[in-house]
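The next block is protein.csv, given as CSV, C-alpha atoms and all ligand atoms.
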chain,number,residue,atom,x,y,z
Q,1,MET,CA,8.4,0.6,-21.2
Q,2,ALA,CA,7.5,4.0,-22.8
Q,3,SER,CA,8.1,2.9,-26.5
Q,4,VAL,CA,4.6,3.9,-27.6
Q,5,VAL,CA,4.2,7.6,-28.4
Q,6,SER,CA,2.3,9.2,-25.5
Q,7,SER,CA,-1.1,10.6,-26.6
Q,8,LYS,CA,-0.7,13.4,-24.1
Q,9,VAL,CA,2.6,14.4,-25.8
Q,10,GLU,CA,0.9,14.2,-29.2
Q,11,ALA,CA,-2.0,16.4,-27.9
Q,12,LEU,CA,0.5,18.9,-26.5
Q,13,GLY,CA,2.1,19.1,-29.9
Q,14,LYS,CA,-1.1,20.2,-31.5
Q,15,ARG,CA,-1.5,23.2,-29.2
Q,16,VAL,CA,-0.3,26.7,-30.0
Q,17,VAL,CA,2.1,27.6,-27.3
Q,18,HIS,CA,3.5,31.1,-26.9
Q,19,PHE,CA,7.3,31.7,-26.3
Q,20,GLY,CA,8.1,35.1,-25.1
Q,21,ASP,CA,11.1,37.4,-24.8
Q,22,GLU,CA,12.4,35.6,-21.7
Q,23,MET,CA,13.7,33.1,-24.3
Q,24,ASP,CA,15.8,35.6,-26.1
Q,25,PHE,CA,18.7,33.1,-25.8
Q,26,ILE,CA,17.0,31.2,-28.6
Q,27,PRO,CA,17.0,32.8,-32.2
Q,28,ALA,CA,13.6,34.4,-33.0
Q,29,ARG,CA,13.1,32.0,-35.9
Q,30,ILE,CA,13.4,28.9,-33.6
Q,31,ARG,CA,11.1,30.5,-31.1
Q,32,GLN,CA,8.5,31.0,-33.8
Q,33,LEU,CA,8.8,27.4,-35.0
Q,34,LEU,CA,8.4,26.2,-31.4
Q,35,GLU,CA,4.9,27.8,-31.3
Q,36,THR,CA,3.4,25.5,-33.9
Q,37,ASP,CA,5.9,23.8,-36.1
Q,38,TRP,CA,8.3,22.3,-33.7
Q,39,VAL,CA,9.0,19.1,-35.8
Q,40,ASN,CA,12.1,20.7,-37.4
Q,41,ALA,CA,15.6,19.4,-37.0
Q,42,ASP,CA,16.9,23.0,-36.6
Q,43,VAL,CA,14.8,23.4,-33.4
Q,44,ARG,CA,16.0,20.1,-31.9
Q,45,ASP,CA,19.7,20.9,-32.9
Q,46,CYS,CA,19.4,24.3,-31.4
Q,47,PHE,CA,18.4,22.9,-28.0
Q,48,LEU,CA,20.9,20.2,-28.1
Q,49,ALA,CA,23.6,22.8,-28.8
Q,50,LYS,CA,22.5,25.1,-26.1
Q,51,SER,CA,21.4,22.9,-23.2
Q,52,GLU,CA,23.1,20.2,-21.1
Q,53,ILE,CA,19.7,19.1,-19.7
Q,54,CYS,CA,18.5,18.6,-23.3
Q,55,ARG,CA,21.6,16.6,-24.2
Q,56,ILE,CA,21.2,14.3,-21.2
Q,57,LEU,CA,17.5,13.8,-21.8
Q,58,ARG,CA,18.0,13.0,-25.5
Q,59,LYS,CA,20.5,10.2,-24.5
Q,60,ASN,CA,18.4,8.8,-21.6
Q,61,PRO,CA,15.2,10.3,-20.2
Q,62,ALA,CA,15.8,8.4,-16.9
Q,63,ASP,CA,19.3,9.7,-16.3
Q,64,TRP,CA,20.0,10.9,-12.8
Q,65,GLU,CA,22.3,13.7,-13.9
Q,66,MET,CA,19.3,15.7,-15.4
Q,67,LEU,CA,17.5,15.5,-12.1
Q,68,ASP,CA,20.6,16.4,-10.2
Q,69,ILE,CA,20.8,19.7,-12.3
Q,70,VAL,CA,17.2,20.5,-11.5
Q,71,TYR,CA,17.5,19.6,-7.8
Q,72,TYR,CA,20.8,21.2,-7.0
Q,73,GLY,CA,21.3,23.8,-9.7
Q,74,ALA,CA,24.6,22.4,-11.0
Q,75,SER,CA,25.9,19.6,-13.1
Q,76,PRO,CA,27.5,16.8,-11.1
Q,77,ARG,CA,30.1,16.6,-13.9
Q,78,ASP,CA,33.4,18.5,-13.4
Q,79,GLY,CA,33.8,21.3,-15.9
Q,80,VAL,CA,30.2,21.3,-17.2
Q,81,SER,CA,28.6,24.7,-16.7
Q,82,LEU,CA,24.9,25.4,-17.2
Q,83,SER,CA,23.6,27.7,-20.0
Q,84,ARG,CA,20.8,30.1,-20.0
Q,85,ALA,CA,18.7,27.5,-21.7
Q,86,ASP,CA,19.4,25.1,-18.7
Q,87,HIS,CA,18.5,27.9,-16.2
Q,88,TRP,CA,15.3,28.6,-18.2
Q,89,LEU,CA,14.3,24.9,-18.1
Q,90,SER,CA,15.2,24.3,-14.4
Q,91,GLY,CA,13.8,27.6,-13.3
Q,92,SER,CA,10.4,26.8,-14.9
Q,93,LEU,CA,7.3,25.9,-12.9
Q,94,SER,CA,8.1,22.3,-13.7
Q,95,GLY,CA,11.6,22.5,-12.4
Q,96,GLN,CA,10.2,24.1,-9.2
Q,97,ALA,CA,7.6,21.3,-9.0
Q,98,LEU,CA,10.5,18.7,-9.0
Q,99,ARG,CA,12.3,20.5,-6.3
Q,100,ASP,CA,9.1,20.8,-4.3
Q,101,ARG,CA,8.4,17.1,-4.8
Q,102,LEU,CA,11.8,16.3,-3.4
Q,103,LYS,CA,11.3,18.6,-0.4
Q,104,VAL,CA,7.7,17.5,0.4
Q,105,VAL,CA,8.1,13.8,-0.2
Q,106,SER,CA,11.4,13.5,1.8
Q,107,SER,CA,10.1,15.5,4.7
Q,108,TRP,CA,6.8,13.5,4.7
Q,109,THR,CA,8.9,10.3,4.6
Q,110,ALA,CA,11.1,11.4,7.5
Q,111,ARG,CA,8.0,12.1,9.7
Q,112,TYR,CA,6.5,8.7,8.7
Q,113,ILE,CA,9.7,6.8,9.5
Q,114,THR,CA,10.3,8.6,12.8
Q,115,LYS,CA,6.8,7.8,14.0
Q,116,ALA,CA,7.0,4.2,12.7
Q,117,LEU,CA,10.4,3.7,14.6
Q,118,GLU,CA,8.8,5.0,17.8
Q,119,VAL,CA,6.0,2.4,17.4
Q,120,ASP,CA,7.7,-0.6,15.9
Q,121,GLY,CA,11.3,-0.2,16.9
Q,122,ARG,CA,12.7,-1.2,13.5
Q,123,LEU,CA,11.9,-0.5,9.8
Q,124,THR,CA,13.0,-1.7,6.4
Q,125,VAL,CA,12.6,0.7,3.5
Q,126,LEU,CA,12.7,-0.1,-0.2
Q,127,ASP,CA,13.4,2.7,-2.6
Q,128,LEU,CA,12.6,1.5,-6.1
Q,129,GLY,CA,14.3,3.4,-8.9
Q,130,ALA,CA,16.2,5.4,-6.3
Q,131,GLY,CA,18.9,6.8,-8.6
Q,132,PRO,CA,21.7,8.3,-6.4
Q,133,ALA,CA,19.3,8.3,-3.5
Q,134,PRO,CA,18.3,12.0,-3.3
Q,135,TYR,CA,15.1,11.1,-1.3
Q,136,ALA,CA,16.9,8.9,1.1
Q,137,LEU,CA,19.6,11.5,1.8
Q,138,GLU,CA,17.1,14.3,2.3
Q,139,ALA,CA,14.9,12.2,4.6
Q,140,LEU,CA,17.7,10.8,6.7
Q,141,LYS,CA,19.0,14.3,7.4
Q,142,ALA,CA,15.7,14.9,9.2
Q,143,ILE,CA,15.5,11.5,11.1
Q,144,PRO,CA,17.0,11.3,14.6
Q,145,ASP,CA,19.9,8.8,14.8
Q,146,CYS,CA,18.5,5.5,13.6
Q,147,SER,CA,21.5,3.5,12.2
Q,148,GLU,CA,20.7,0.5,14.4
Q,149,ARG,CA,17.0,0.4,13.6
Q,150,LEU,CA,16.5,1.5,10.0
Q,151,SER,CA,17.6,-0.3,6.9
Q,152,TRP,CA,17.0,1.6,3.6
Q,153,ARG,CA,17.7,-0.3,0.4
Q,154,CYS,CA,18.1,1.7,-2.9
Q,155,VAL,CA,17.4,-0.3,-6.0
Q,156,ASP,CA,18.2,0.8,-9.6
Q,157,LEU,CA,19.2,-0.6,-13.0
Q,158,ASP,CA,21.8,2.1,-13.5
Q,159,GLN,CA,25.0,1.2,-11.8
Q,160,LEU,CA,26.5,4.7,-12.2
Q,161,SER,CA,23.7,6.2,-10.2
Q,162,LEU,CA,24.1,3.6,-7.5
Q,163,ASP,CA,27.9,4.3,-7.3
Q,164,GLU,CA,27.1,8.0,-7.0
Q,165,GLY,CA,24.5,7.2,-4.3
Q,166,GLU,CA,27.0,5.1,-2.4
Q,167,LYS,CA,29.6,7.9,-2.5
Q,168,ARG,CA,27.0,10.4,-1.2
Q,169,ALA,CA,25.9,8.0,1.5
Q,170,ARG,CA,29.5,7.8,2.8
Q,171,GLU,CA,30.0,11.6,2.6
Q,172,HIS,CA,26.9,12.1,4.8
Q,173,GLY,CA,27.7,9.3,7.2
Q,174,PHE,CA,24.7,7.2,6.2
Q,175,GLU,CA,26.6,4.2,4.9
Q,176,ARG,CA,25.3,1.9,7.8
Q,177,VAL,CA,21.7,2.7,6.9
Q,178,LEU,CA,21.8,2.8,3.1
Q,179,GLU,CA,22.4,-0.2,0.9
Q,180,PHE,CA,22.5,-0.1,-2.9
Q,181,LYS,CA,21.5,-2.9,-5.2
Q,182,ASN,CA,21.6,-3.2,-9.0
Q,183,MET,CA,18.3,-4.9,-9.9
Q,184,ASP,CA,15.4,-4.6,-12.4
Q,185,PHE,CA,12.5,-4.6,-9.9
Q,186,LEU,CA,10.0,-5.4,-12.7
Q,187,SER,CA,11.7,-8.6,-13.8
Q,188,SER,CA,10.2,-11.9,-12.5
Q,189,ARG,CA,13.7,-13.2,-12.4
Q,190,ASN,CA,14.2,-11.0,-9.3
Q,191,ALA,CA,11.2,-12.2,-7.4
Q,192,PRO,CA,12.2,-12.7,-3.7
Q,193,GLU,CA,12.5,-16.2,-2.3
Q,194,ALA,CA,9.6,-17.3,0.0
Q,195,ASP,CA,11.6,-16.7,3.2
Q,196,ASP,CA,13.3,-13.4,2.1
Q,197,PRO,CA,12.3,-10.6,4.4
Q,198,ARG,CA,9.8,-8.1,2.9
Q,199,ALA,CA,10.0,-4.3,3.3
Q,200,ASP,CA,7.7,-2.3,5.6
Q,201,PHE,CA,7.7,0.9,3.6
Q,202,GLY,CA,8.4,1.8,0.0
Q,203,LEU,CA,9.2,4.8,-2.3
Q,204,LEU,CA,8.5,4.7,-6.0
Q,205,VAL,CA,9.5,8.1,-7.3
Q,206,GLY,CA,9.7,9.1,-11.0
Q,207,ILE,CA,8.6,5.7,-12.3
Q,208,LEU,CA,4.9,5.9,-13.0
Q,209,CYS,CA,5.2,9.3,-14.8
Q,210,GLY,CA,6.3,7.6,-18.1
Q,211,MET,CA,3.7,4.8,-17.8
Q,212,SER,CA,0.2,4.5,-19.2
Q,213,PRO,CA,-2.5,3.7,-16.6
Q,214,ALA,CA,-2.4,0.0,-17.6
Q,215,GLU,CA,1.4,-0.1,-17.4
Q,216,ALA,CA,1.3,1.7,-14.0
Q,217,VAL,CA,-1.2,-0.9,-12.7
Q,218,SER,CA,1.0,-3.8,-13.9
Q,219,CYS,CA,4.1,-2.1,-12.2
Q,220,LEU,CA,2.2,-1.6,-8.9
Q,221,GLN,CA,1.0,-5.2,-9.0
Q,222,LYS,CA,4.5,-6.6,-9.6
Q,223,ILE,CA,6.3,-4.6,-6.9
Q,224,LYS,CA,3.9,-5.9,-4.2
Q,225,MET,CA,6.1,-9.0,-4.0
Q,226,PHE,CA,8.8,-7.0,-2.2
Q,227,PHE,CA,6.6,-5.8,0.6
Q,228,ARG,CA,4.8,-7.3,3.6
Q,229,PRO,CA,1.0,-7.2,3.8
Q,230,GLY,CA,0.1,-3.9,5.4
Q,231,ALA,CA,3.2,-2.2,4.1
Q,232,GLU,CA,2.8,1.5,3.0
Q,233,LEU,CA,4.2,3.3,0.1
Q,234,ILE,CA,4.7,6.9,-1.1
Q,235,VAL,CA,4.4,7.3,-4.8
Q,236,PRO,CA,4.4,10.7,-6.6
Q,237,THR,CA,3.2,10.7,-10.3
Q,238,LEU,CA,2.8,13.5,-12.9
Q,239,LEU,CA,-0.6,15.0,-13.4
Q,240,ASN,CA,-2.2,16.6,-16.5
Q,241,GLN,CA,-1.9,19.9,-14.6
Q,242,ALA,CA,1.9,19.9,-15.5
Q,243,PHE,CA,1.2,20.1,-19.3
Q,244,GLU,CA,-1.6,22.6,-18.7
Q,245,GLU,CA,0.3,25.1,-16.6
Q,246,ASP,CA,3.8,24.8,-18.2
Q,247,PRO,CA,3.3,23.8,-21.9
Q,248,GLN,CA,6.5,25.7,-22.8
Q,249,THR,CA,8.9,23.5,-20.9
Q,250,PHE,CA,7.1,20.3,-22.0
Q,251,ARG,CA,7.0,21.5,-25.6
Q,252,VAL,CA,10.8,21.4,-25.5
Q,253,LEU,CA,11.3,18.3,-23.5
Q,254,CYS,CA,8.6,16.2,-24.9
Q,255,ASN,CA,7.6,17.4,-28.4
Q,256,VAL,CA,11.1,18.5,-29.5
Q,257,LEU,CA,13.3,16.0,-27.7
Q,258,GLY,CA,10.9,13.1,-27.5
Q,259,TRP,CA,10.4,12.5,-23.8
Q,260,GLN,CA,7.3,10.3,-23.7
Q,261,LEU,CA,5.8,11.4,-20.4
Q,262,LYS,CA,2.3,10.2,-19.6
Q,263,PRO,CA,0.6,12.5,-17.2
Q,264,LYS,CA,-2.7,11.4,-15.7
Q,265,SER,CA,-5.8,12.9,-14.2
Q,266,LEU,CA,-6.3,12.7,-10.4
Q,267,ASP,CA,-9.2,10.2,-11.0
Q,268,GLU,CA,-6.9,8.1,-13.3
Q,269,VAL,CA,-4.2,8.0,-10.6
Q,270,ARG,CA,-6.7,6.9,-7.9
Q,271,GLU,CA,-8.1,4.3,-10.3
Q,272,VAL,CA,-4.6,2.9,-11.0
Q,273,PHE,CA,-4.0,2.2,-7.4
Q,274,VAL,CA,-7.4,0.8,-6.7
Q,275,THR,CA,-7.2,-1.5,-9.7
Q,276,ALA,CA,-3.7,-2.7,-8.7
Q,277,GLY,CA,-5.2,-3.7,-5.3
Q,278,TYR,CA,-3.9,-1.0,-3.0
Q,279,ILE,CA,-5.7,1.0,-0.4
Q,280,VAL,CA,-5.4,4.8,-1.1
Q,281,ASN,CA,-4.8,6.5,2.3
Q,282,ASP,CA,-4.3,9.9,0.9
Q,283,ILE,CA,-3.3,11.9,-2.2
Q,284,PHE,CA,-1.6,15.2,-1.7
Q,285,SER,CA,0.4,17.7,-3.8
Q,286,GLU,CA,3.9,19.0,-3.8
Q,287,ARG,CA,2.4,22.5,-3.8
Q,288,GLU,CA,1.2,24.1,-0.6
Q,289,GLY,CA,-2.6,24.6,-1.1
Q,290,GLY,CA,-2.8,21.7,-3.7
Q,291,ASN,CA,-3.3,21.8,-7.4
Q,292,GLY,CA,0.4,21.1,-8.2
Q,293,GLN,CA,2.0,19.0,-10.9
Q,294,TYR,CA,2.2,15.8,-8.9
Q,295,ALA,CA,-0.3,13.5,-7.2
Q,296,ILE,CA,1.6,12.2,-4.2
Q,297,VAL,CA,-0.1,9.0,-3.3
Q,298,HIS,CA,0.2,7.4,0.2
Q,299,ALA,CA,-1.0,3.9,-0.4
Q,300,ALA,CA,-1.1,0.6,1.5
Q,301,ILE,CA,-1.0,-3.0,0.6
Q,302,PRO,CA,-4.1,-4.6,2.2
Q,303,GLN,CA,-3.7,-7.2,5.0
Q,304,PRO,CA,-5.1,-10.6,3.9
C,1,LIG,C1,13.3,9.4,-13.2
C,1,LIG,S1,14.6,8.5,-12.3
C,1,LIG,C2,14.1,8.8,-10.6
C,1,LIG,C3,15.2,8.7,-9.6
C,1,LIG,C4,14.8,9.1,-8.2
C,1,LIG,N1,13.8,8.2,-7.7
C,1,LIG,C5,14.3,10.6,-8.2
C,1,LIG,O1,13.1,10.8,-8.3
C,1,LIG,O2,15.1,11.5,-8.1
C,1,LIG,C6,14.0,6.8,-12.5
C,1,LIG,C7,15.0,5.8,-12.0
C,1,LIG,O3,14.4,4.6,-12.0
C,1,LIG,C8,15.3,3.6,-12.6
C,1,LIG,N2,14.5,2.5,-13.1
C,1,LIG,C9,13.5,2.6,-14.0
C,1,LIG,N3,12.9,1.4,-14.2
C,1,LIG,C10,13.6,0.5,-13.3
C,1,LIG,C11,13.5,-0.9,-13.1
C,1,LIG,N4,12.5,-1.6,-13.7
C,1,LIG,N5,14.3,-1.5,-12.1
C,1,LIG,C12,15.2,-0.7,-11.5
C,1,LIG,N6,15.4,0.6,-11.7
C,1,LIG,C13,14.6,1.2,-12.6
C,1,LIG,C14,16.1,4.4,-13.6
C,1,LIG,O4,17.3,3.8,-13.9
C,1,LIG,C15,16.2,5.7,-13.0
C,1,LIG,O5,17.4,5.9,-12.2

Please re-express this file's structure in structure tokens.
Amino acid sequence: MASVVSSKVEALGKRVVHFGDEMDFIPARIRQLLETDWVNADVRDCFLAKSEICRILRKNPADWEMLDIVYYGASPRDGVSLSRADHWLSGSLSGQALRDRLKVVSSWTARYITKALEVDGRLTVLDLGAGPAPYALEALKAIPDCSERLSWRCVDLDQLSLDEGEKRAREHGFERVLEFKNMDFLSSRNAPEADDPRADFGLLVGILCGMSPAEAVSCLQKIKMFFRPGAELIVPTLLNQAFEEDPQTFRVLCNVLGWQLKPKSLDEVREVFVTAGYIVNDIFSEREGGNGQYAIVHAAIPQP
């Protein structure tokens, strides 16, 4: 999906970004190169040698293990310890924004589901691109017992992340609520049959961040088929603010290692949802007081 080089990443590469003494775990020569001349194999090799986050990202930018390190401060792999470079990356404003996104979206979702269960009695949730279900696990911890009334389906292409999610669901006692399905939700081969039940509520987290506005519109239009008319979704997506306030982290992750993120303006985000035929109920931030790195969109599929 993100094969085209992101113009936002290209623009970030043209900026002069200052790297200070807090990065003394990187040789001074590499720090200097990072400021303007980051297209240098020595820079990339240095970060690949020093950071588990960078090694994971280089292999697969969508890998759940990278997010796990940022969310929980440790590698899920036995025997892998984190370096100072990893702590610098995950301790950055952008790492904090990811942790805040998890906290704010999962607690918002828990409140939404609790209220919806009170009103409707039952609810079906679809978590598209769920990884090992961090959002489901956090939200379910805050929802009063609901195993008979709530069904939460986690969908992902990556079987290893689904296996990990299943293991965590059992460990937390949520195996009767959570279900894991390996599926490409953008493939027309996976369109539901006419009489398949549609979901009442959806999460789409960490998916639109790597898409252009046109790709995001197409994605939002395609996933409508899984939801009933009137269903509501919560969808966080990366804003330009992220590159503005933390160019150091994104210089390493995007310019040096090649992560083709496509942050958007708030107006672009709103326009994407409206063009895709959604009602935008609200857009809020992962940061108290607003102006954070993510637009968290609460949207609805219109009733006919
Ligand atoms: C950045 S991760 C986000 C994981 C989780 N939602 C979170 O925010 O912690 C994106 C996930 O979406 C999955 N994914 C991307 N495109 C997909 C598709 N078309 N169908 C199913 N899964 C997809 C990837 O395999 C990956 O696990």

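Our summary of the geometry notes that atom N1 of ligand LIG 1 (chain C) is positioned 26.9 Å from CA of Ala11 (chain Q).
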
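Here the question is which of Q:Phe185, Q:Phe250, Q:Trp259, Q:Tyr294 gets nearest to Leu238 (chain Q) using all atoms listed in the file, and that residue is Q:Tyr294.
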
Can you build me a table of chain Q residues sitting at most 8 Å from ligand LIG 1 (chain C), with the closest atom pair per residue and its distance in Å to one decimal, using all atoms listed in the file, sorted by chain and residue number, as a Markdown table?
| residue | atom | partner | partner_atom | distance |
| --- | --- | --- | --- | --- |
| Q:Pro61 | CA | C:LIG1 | C1 | 7.3 |
| Q:Ala62 | CA | C:LIG1 | C1 | 4.6 |
| Q:Asp63 | CA | C:LIG1 | O5 | 5.9 |
| Q:Trp64 | CA | C:LIG1 | O5 | 5.7 |
| Q:Leu67 | CA | C:LIG1 | O2 | 6.1 |
| Q:Asp68 | CA | C:LIG1 | O2 | 7.7 |
| Q:Leu102 | CA | C:LIG1 | O1 | 7.5 |
| Q:Asp127 | CA | C:LIG1 | N1 | 7.5 |
| Q:Leu128 | CA | C:LIG1 | N6 | 6.3 |
| Q:Gly129 | CA | C:LIG1 | O3 | 3.3 |
| Q:Ala130 | CA | C:LIG1 | N1 | 3.9 |
| Q:Gly131 | CA | C:LIG1 | O5 | 4.0 |
| Q:Pro132 | CA | C:LIG1 | C4 | 7.2 |
| Q:Ala133 | CA | C:LIG1 | C4 | 6.6 |
| Q:Pro134 | CA | C:LIG1 | O2 | 5.8 |
| Q:Tyr135 | CA | C:LIG1 | O2 | 6.8 |
| Q:Val155 | CA | C:LIG1 | C12 | 5.9 |
| Q:Asp156 | CA | C:LIG1 | N6 | 3.5 |
| Q:Leu157 | CA | C:LIG1 | N6 | 4.2 |
| Q:Asp158 | CA | C:LIG1 | O4 | 4.8 |
| Q:Ser161 | CA | C:LIG1 | O5 | 6.6 |
| Q:Asn182 | CA | C:LIG1 | C12 | 7.3 |
| Q:Met183 | CA | C:LIG1 | C12 | 5.5 |
| Q:Asp184 | CA | C:LIG1 | N5 | 3.3 |
| Q:Phe185 | CA | C:LIG1 | N5 | 4.2 |
| Q:Leu186 | CA | C:LIG1 | N4 | 4.7 |
| Q:Ser187 | CA | C:LIG1 | N4 | 7.0 |
| Q:Leu203 | CA | C:LIG1 | N1 | 7.9 |
| Q:Leu204 | CA | C:LIG1 | N1 | 6.6 |
| Q:Val205 | CA | C:LIG1 | N1 | 4.3 |
| Q:Gly206 | CA | C:LIG1 | C1 | 4.2 |
| Q:Ile207 | CA | C:LIG1 | C6 | 5.5 |

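Our summary of the geometry notes that CA of Arg228 (chain Q) is positioned 21.9 Å from CA of Ser106 (chain Q).
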
Contact table region 154-244 of chain Q vs region 268-273 of chain Q, cut-off 9 Å, shortest pair per residue, all atoms listed in the file, as a Markdown table:
| residue | atom | partner | partner_atom | distance |
| --- | --- | --- | --- | --- |
| Q:Pro213 | CA | Q:Val272 | CA | 6.0 |
| Q:Ala214 | CA | Q:Val272 | CA | 7.5 |
| Q:Ala216 | CA | Q:Val272 | CA | 6.7 |
| Q:Val217 | CA | Q:Val272 | CA | 5.4 |
| Q:Leu220 | CA | Q:Phe273 | CA | 7.4 |
| Q:Thr237 | CA | Q:Val269 | CA | 7.9 |
| Q:Leu239 | CA | Q:Val269 | CA | 8.4 |

Write out as a tab-separated table (two decimals) with C-alpha atoms, in the coordinates of the input which residues come within 12 Å of Met66 (chain Q) when counting all atoms listed in the file, dropping same-chain ones fewer than 3 positions away.
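Saved the output as selection04.tsv:
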chain	number	residue	atom	x	y	z
Q	51	SER	CA	21.40	22.90	-23.20
Q	52	GLU	CA	23.10	20.20	-21.10
Q	53	ILE	CA	19.70	19.10	-19.70
Q	54	CYS	CA	18.50	18.60	-23.30
Q	55	ARG	CA	21.60	16.60	-24.20
Q	56	ILE	CA	21.20	14.30	-21.20
Q	57	LEU	CA	17.50	13.80	-21.80
Q	58	ARG	CA	18.00	13.00	-25.50
Q	59	LYS	CA	20.50	10.20	-24.50
Q	60	ASN	CA	18.40	8.80	-21.60
Q	61	PRO	CA	15.20	10.30	-20.20
Q	62	ALA	CA	15.80	8.40	-16.90
Q	63	ASP	CA	19.30	9.70	-16.30
Q	69	ILE	CA	20.80	19.70	-12.30
Q	70	VAL	CA	17.20	20.50	-11.50
Q	71	TYR	CA	17.50	19.60	-7.80
Q	72	TYR	CA	20.80	21.20	-7.00
Q	73	GLY	CA	21.30	23.80	-9.70
Q	74	ALA	CA	24.60	22.40	-11.00
Q	75	SER	CA	25.90	19.60	-13.10
Q	76	PRO	CA	27.50	16.80	-11.10
Q	77	ARG	CA	30.10	16.60	-13.90
Q	82	LEU	CA	24.90	25.40	-17.20
Q	86	ASP	CA	19.40	25.10	-18.70
Q	89	LEU	CA	14.30	24.90	-18.10
Q	90	SER	CA	15.20	24.30	-14.40
Q	95	GLY	CA	11.60	22.50	-12.40
Q	98	LEU	CA	10.50	18.70	-9.00
Q	131	GLY	CA	18.90	6.80	-8.60
Q	132	PRO	CA	21.70	8.30	-6.40
Q	161	SER	CA	23.70	6.20	-10.20
Q	253	LEU	CA	11.30	18.30	-23.50

Q. Nearest to Leu126 (chain Q): which of Q:Val105, Q:Ile30, Q:Leu48, Q:Cys154 is it, counting all atoms listed in the file?
A. Q:Cys154

Q: Would you mind reading off the distance between CA of Gly277 (chain Q) and CA of Glu118 (chain Q), one decimal, in Å?
A: 28.4 Å

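Between Val104 (chain Q) and the residues Q:Arg149, Q:Arg251, Q:Arg287, Q:Arg29, the shortest atom-to-atom distance, using all atoms listed in the file, involves Q:Arg287.
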
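Across Q:Leu123, Q:Val274, Q:Val43, Q:Ala142, the tightest approach to Asp200 (chain Q) is made by Q:Leu123 when counting only C-alpha atoms.
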
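With all atoms listed in the file as the basis for measurement, Q:Phe226 is the residue among Q:Val39, Q:Phe226, Q:Ser218, Q:Val256 that approaches Asp195 (chain Q) most closely.
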
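Using all atoms listed in the file for every distance, the candidate list Q:Asn255, Q:Asn40, Q:Thr109, Q:Gln32 yields Q:Thr109 as the residue closest to Ile296 (chain Q).
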
**Q.** Polymer residues at most 10 Å from Gln248 (chain Q), only C-alpha atoms, same-chain spacing of 5 or more positions, as a PyMOL selection string
**A.** chain Q and resi 12+16-20+34-35+89+92-94+243+253-254

Q: Write out as JSON, numbers by chain each polymer residue whose atoms come within 10 Å of Pro144 (chain Q), counting all atoms listed in the file; drop sequence neighbours fewer than 4 positions from it.
A: {"Q": [110, 113, 114, 140]}

Q: Extract, using all atoms listed in the file, all DNA, RNA and protein residues at most 8 Å from Glu166 (chain Q), discarding same-chain residues fewer than 4 positions from it, and format them as an NGL selection string.
A: :Q and (132 or 162 or 170 or 175 or 178-180)

What would region 126-137 of chain Q look like with N, CA and C atoms restored, written as a PDB file, keeping the file's coordinate frame?
ATOM      1  N   LEU Q 126      12.287   0.230   1.185  1.00  0.00           N
ATOM      2  CA  LEU Q 126      12.700  -0.100  -0.200  1.00  0.00           C
ATOM      3  C   LEU Q 126      12.443   1.032  -1.087  1.00  0.00           C
ATOM      4  N   ASP Q 127      13.507   1.549  -1.726  1.00  0.00           N
ATOM      5  CA  ASP Q 127      13.400   2.700  -2.600  1.00  0.00           C
ATOM      6  C   ASP Q 127      13.630   2.260  -4.010  1.00  0.00           C
ATOM      7  N   LEU Q 128      12.526   2.102  -4.757  1.00  0.00           N
ATOM      8  CA  LEU Q 128      12.600   1.500  -6.100  1.00  0.00           C
ATOM      9  C   LEU Q 128      12.840   2.515  -7.164  1.00  0.00           C
ATOM     10  N   GLY Q 129      13.914   2.344  -7.935  1.00  0.00           N
ATOM     11  CA  GLY Q 129      14.300   3.400  -8.900  1.00  0.00           C
ATOM     12  C   GLY Q 129      14.838   4.577  -8.222  1.00  0.00           C
ATOM     13  N   ALA Q 130      15.737   4.317  -7.261  1.00  0.00           N
ATOM     14  CA  ALA Q 130      16.200   5.400  -6.300  1.00  0.00           C
ATOM     15  C   ALA Q 130      17.179   6.340  -6.970  1.00  0.00           C
ATOM     16  N   GLY Q 131      17.818   5.981  -8.101  1.00  0.00           N
ATOM     17  CA  GLY Q 131      18.900   6.800  -8.600  1.00  0.00           C
ATOM     18  C   GLY Q 131      19.978   6.951  -7.551  1.00  0.00           C
ATOM     19  N   PRO Q 132      20.631   8.123  -7.454  1.00  0.00           N
ATOM     20  CA  PRO Q 132      21.700   8.300  -6.400  1.00  0.00           C
ATOM     21  C   PRO Q 132      21.122   8.634  -5.053  1.00  0.00           C
ATOM     22  N   ALA Q 133      19.893   8.235  -4.801  1.00  0.00           N
ATOM     23  CA  ALA Q 133      19.300   8.300  -3.500  1.00  0.00           C
ATOM     24  C   ALA Q 133      18.982   9.719  -2.954  1.00  0.00           C
ATOM     25  N   PRO Q 134      18.550  10.654  -3.791  1.00  0.00           N
ATOM     26  CA  PRO Q 134      18.300  12.000  -3.300  1.00  0.00           C
ATOM     27  C   PRO Q 134      17.208  11.997  -2.178  1.00  0.00           C
ATOM     28  N   TYR Q 135      16.185  11.151  -2.335  1.00  0.00           N
ATOM     29  CA  TYR Q 135      15.100  11.100  -1.300  1.00  0.00           C
ATOM     30  C   TYR Q 135      15.573  10.560  -0.019  1.00  0.00           C
ATOM     31  N   ALA Q 136      16.380   9.507  -0.099  1.00  0.00           N
ATOM     32  CA  ALA Q 136      16.900   8.900   1.100  1.00  0.00           C
ATOM     33  C   ALA Q 136      17.793   9.908   1.865  1.00  0.00           C
ATOM     34  N   LEU Q 137      18.671  10.574   1.125  1.00  0.00           N
ATOM     35  CA  LEU Q 137      19.600  11.500   1.800  1.00  0.00           C
ATOM     36  C   LEU Q 137      18.866  12.638   2.446  1.00  0.00           C
TER      37      LEU Q 137
END
